Amino acid sequence: MHWAMTKKTPAYGARAAKGPLEPIVIERRAPGPHDVEIEILYCGICHSDLHKVNNDWENTHFPIVPGHEIIGRVISLGGKSSSFREGDLVGVGCIVDSCRTCPECRAGNEMFCKKGVTFSFDSLERDGKTWTYGGYSTDMVVDERYVVRVPQVLNPARAAPLLCAGITTYSPLRQFACKRGDQVAVVGLGGLGHMAIKFAASMGAVVTVLSTSRDKEKDAARLGAKNFVVTKESGALDKLAGTFNLIVDTVSAPHDLNQELTLLGSLGTVVLVGLPPGSTKLYPGVLIHGNKRLAGSNIGGIPETQEMLDYCGKHGVVADIEIIKANQINDAYARMQRNDVRYRFVIDMASLRADSK
Ligand code: NAP
Ligand code: ZN
Ligand code: ZN
């Protein structure tokens, strides 16, 4: 299928590796029968956007319009689209299409689609040739199967980061059965880290933050952590050996995993969600002694994303954000690069609409 591109849409994108991000006009397809047309209200800035713009993973196709933490209102519907109504508050995360028929898609694990998932940006549509553009834009057209409902009780701007940072931390806590009284460590207090603290605390875990930034200690307590340890301070980690049932590692830069693994109790798990470029050295002994596990977790499927949003509606979980205008994206990237995020930048897309008039 080749989409007829019909609607010129203001966006922010990068034309080459390391940016800058600048105004760019993209085309969105006219809504097909099963599509939902969304006026984007807010879009969060994830470190994956920054990795992609910097070409850290060496797979970026330029120009790129990042953005996969999208909250908006439905403004029109395709003729056969029945899940939503005009005016509904909806979310779009990392996934906008997949084959829909393979066992992974049927199980709601669309991110593992056997035929390759279509991500919301820097990815190919099902036609194999049309590149997707993400949420740093005023409008978007998405098949209703990949659109989620946002509970009315949630503040829309503060809900945007749930679409990636939220699901990426909720999912591993569920997979590894986080429960009341568990000792859970969160490594790295940024966008994903702060959501991991909130979710783990809401599930009753005793949360410890392992951070390189002493000045985030007060925030960690406010977010729900019981303990805060600065990993750079000598001897700080030695005292924690054998402590944790689960460690959620959200760090965006290369770092040593061997000492981190010694902090697990027997049968404990380190789950990696942070995706730094490059490789890391692992001593098998640190896993073998105590039957420890090293795992990874990749976002979450559409049904689990809806489950997570409903959980957030019920438990009042939203992100702590700094709202910015579209023309401040480059400043936000610079701050994210130096760990100065408190704790997610969210772009107010009304600013892009205003600039584009
Ligand atoms: P972020 O807001 O920039 O937070 C990353 C945090 O990592 C920083 O705030 C910092 O916390 C810590 N950190 C940074 N450099 C470090 C270093 N050299 N050593 C130790 N700690 C360091 O980023 P994010 O948006 O949360 O994303 C985090 C990572 O997850 C990125 O690599 C991103 O691509 C990845 N990601 C993966 C998935 C997935 O599906 N698995 C989904 C989304 C994002 P402290 O100041 O507390 O040390
Ligand atoms: Zn993300
Ligand atoms: Zn599939």
# chains A, B, ... in the order shown; residues from 1 in each chain; ligands from 1
>>> residues_around(residues="Val141 of chain A", least_positions_apart="6", cutoff="8 Å", atoms="only C-alpha atoms", output="MDAnalysis selection string")
chainID A and resid 28:31 35:38
>>> write_last_selection(atoms="all heavy atoms", output="short mmCIF file (atom, residue, chain, number, x, y, z; two decimals), in the first residue's frame")
data_model
loop_
_atom_site.label_atom_id
_atom_site.label_comp_id
_atom_site.auth_asym_id
_atom_site.auth_seq_id
_atom_site.Cartn_x
_atom_site.Cartn_y
_atom_site.Cartn_z
N ARG A 28 1.30 14.47 5.94
CA ARG A 28 0.56 13.38 6.58
C ARG A 28 -0.46 12.84 5.60
O ARG A 28 -1.05 13.60 4.83
CB ARG A 28 -0.19 13.91 7.82
CG ARG A 28 0.69 14.44 8.94
CD ARG A 28 1.47 13.32 9.60
NE ARG A 28 2.08 13.79 10.85
CZ ARG A 28 3.05 13.14 11.48
NH1 ARG A 28 3.55 12.02 10.98
NH2 ARG A 28 3.53 13.59 12.61
N ARG A 29 -0.69 11.55 5.67
CA ARG A 29 -1.69 10.96 4.76
C ARG A 29 -3.09 11.41 5.15
O ARG A 29 -3.35 11.73 6.32
CB ARG A 29 -1.60 9.44 4.80
CG ARG A 29 -1.99 8.83 6.14
CD ARG A 29 -1.96 7.29 6.06
NE ARG A 29 -2.44 6.66 7.27
CZ ARG A 29 -1.65 6.08 8.19
NH1 ARG A 29 -0.33 6.10 8.06
NH2 ARG A 29 -2.18 5.49 9.24
N ALA A 30 -3.99 11.42 4.16
CA ALA A 30 -5.40 11.65 4.48
C ALA A 30 -5.88 10.44 5.26
O ALA A 30 -5.46 9.32 4.98
CB ALA A 30 -6.20 11.78 3.19
N PRO A 31 -6.74 10.64 6.28
CA PRO A 31 -7.16 9.49 7.09
C PRO A 31 -7.81 8.40 6.23
O PRO A 31 -8.71 8.68 5.44
CB PRO A 31 -8.18 10.10 8.07
CG PRO A 31 -7.87 11.56 8.09
CD PRO A 31 -7.32 11.90 6.75
N ASP A 35 -8.41 4.96 10.20
CA ASP A 35 -7.50 5.92 10.82
C ASP A 35 -8.21 6.90 11.74
O ASP A 35 -9.41 7.16 11.62
CB ASP A 35 -6.77 6.74 9.75
CG ASP A 35 -5.62 5.98 9.12
OD1 ASP A 35 -5.12 5.03 9.76
OD2 ASP A 35 -5.22 6.34 8.00
N VAL A 36 -7.39 7.47 12.63
CA VAL A 36 -7.82 8.53 13.52
C VAL A 36 -6.90 9.71 13.23
O VAL A 36 -5.68 9.55 13.18
CB VAL A 36 -7.64 8.08 14.99
CG1 VAL A 36 -7.92 9.20 15.95
CG2 VAL A 36 -8.52 6.87 15.29
N GLU A 37 -7.49 10.88 13.00
CA GLU A 37 -6.67 12.08 12.82
C GLU A 37 -6.60 12.81 14.15
O GLU A 37 -7.64 13.07 14.78
CB GLU A 37 -7.26 12.99 11.74
CG GLU A 37 -6.36 14.17 11.41
CD GLU A 37 -6.91 15.07 10.30
OE1 GLU A 37 -8.10 14.94 9.95
OE2 GLU A 37 -6.14 15.90 9.80
N ILE A 38 -5.38 13.12 14.57
CA ILE A 38 -5.17 13.64 15.92
C ILE A 38 -4.51 15.01 15.86
O ILE A 38 -3.49 15.19 15.19
CB ILE A 38 -4.25 12.68 16.72
CG1 ILE A 38 -4.91 11.29 16.84
CG2 ILE A 38 -3.92 13.24 18.09
CD1 ILE A 38 -3.93 10.19 17.26
#
>>> residues_near_ligand(ligand="ligand 3", cutoff="7 Å", atoms="only C-alpha atoms and all ligand atoms", output="VMD selection string")
chain A and resid 98 to 105 110 113 to 116
>>> residues_around(residues="segment 63-76 of chain A", least_positions_apart="5", cutoff="6 Å", atoms="only C-alpha atoms", output="JSON, numbers by chain")
{"A": [13, 14, 15, 37, 38, 39, 40, 41, 42, 43, 44, 49, 86, 87, 88, 89, 90, 91, 92, 93, 94, 121, 133, 134, 135, 136, 160, 161, 163, 164]}
>>> closest_residue(among="A:Phe176, A:Tyr146, A:Phe199, A:Tyr170", to="ligand 1", atoms="only C-alpha atoms and all ligand atoms")
A:Tyr170
>>> atom_distance(atom1="atom CA of Ala326 of chain A", atom2="atom CA of Gln306 of chain A")
27.5 Å
>>> atom_distance(atom1="atom CA of Pro303 of chain A", atom2="atom CA of Ala185 of chain A")
26.4 Å
>>> atom_distance(atom1="atom CA of Gly265 of chain A", atom2="atom 36 (N, counted along the ligand's line) of ligand 1")
25.3 Å
>>> closest_atom_pairs(of="segment 19-87 of chain A", to="segment 331-340 of chain A", cutoff="9 Å", atoms="only C-alpha atoms", output="Markdown table")
| residue | atom | partner | partner_atom | distance |
| --- | --- | --- | --- | --- |
| A:Ile45 | CA | A:Ala332 | CA | 8.3 |
| A:His47 | CA | A:Met336 | CA | 7.3 |
| A:Leu50 | CA | A:Tyr333 | CA | 6.7 |
>>> residues_near_ligand(ligand="ligand 1", cutoff="7 Å", atoms="only C-alpha atoms and all ligand atoms", output="PyMOL selection string")
chain A and resi 46-48+51+164-165+168+187-193+210-213+216+250-255+272-276+297-299+336-337+339-341+343-344
>>> select_by_dssp(residues="segment 115-210 of chain A", states="strand (DSSP E)", output="JSON, numbers by chain")
{"A": [118, 119, 139, 140, 141, 142, 143, 148, 149, 183, 184, 185, 186, 187, 206, 207, 208, 209, 210]}
>>> closest_residue(among="A:Gly290, A:Gly301, A:Gly79, A:Pro284", to="Phe119 of chain A", atoms="only C-alpha atoms")
A:Gly301
>>> residues_around(residues="Gly181 of chain A", least_positions_apart="3", cutoff="8 Å", atoms="only C-alpha atoms", output="JSON, numbers by chain")
{"A": [204, 205, 206]}
>>> write_last_selection(atoms="N, CA and C atoms", output="PDB file, in the first residue's frame")
ATOM      1  N   GLY A 204       4.082  -0.766  46.112  1.00  0.00           N
ATOM      2  CA  GLY A 204       4.423  -1.133  47.487  1.00  0.00           C
ATOM      3  C   GLY A 204       5.871  -1.513  47.712  1.00  0.00           C
ATOM      4  N   ALA A 205       6.716  -1.357  46.689  1.00  0.00           N
ATOM      5  CA  ALA A 205       8.129  -1.709  46.845  1.00  0.00           C
ATOM      6  C   ALA A 205       8.862  -0.656  47.676  1.00  0.00           C
ATOM      7  N   VAL A 206       9.965  -1.078  48.264  1.00  0.00           N
ATOM      8  CA  VAL A 206      10.870  -0.158  48.953  1.00  0.00           C
ATOM      9  C   VAL A 206      11.916   0.253  47.917  1.00  0.00           C
TER      10      VAL A 206
END
>>> residues_around(residues="Leu237 of chain A", least_positions_apart="6", cutoff="10 Å", atoms="only C-alpha atoms", output="list in words")
Leu210, Val229, Val230, Thr231, Gln259, Glu260, Thr262 and Leu263 of chain A
>>> residues_around(residues="Tyr311 of chain A", least_positions_apart="4", cutoff="12 Å", atoms="only C-alpha atoms", output="list of chain:residue names")
A:Val150, A:Pro151, A:Val153, A:Leu154, A:Leu162, A:Gly166, A:Ile167, A:Tyr170, A:Ser171, A:Arg174, A:Lys198, A:Phe199, A:Ser202, A:Met203, A:Glu304, A:Thr305, A:Gln306, A:Glu307, A:His315, A:Gly316, A:Val317, A:Val318
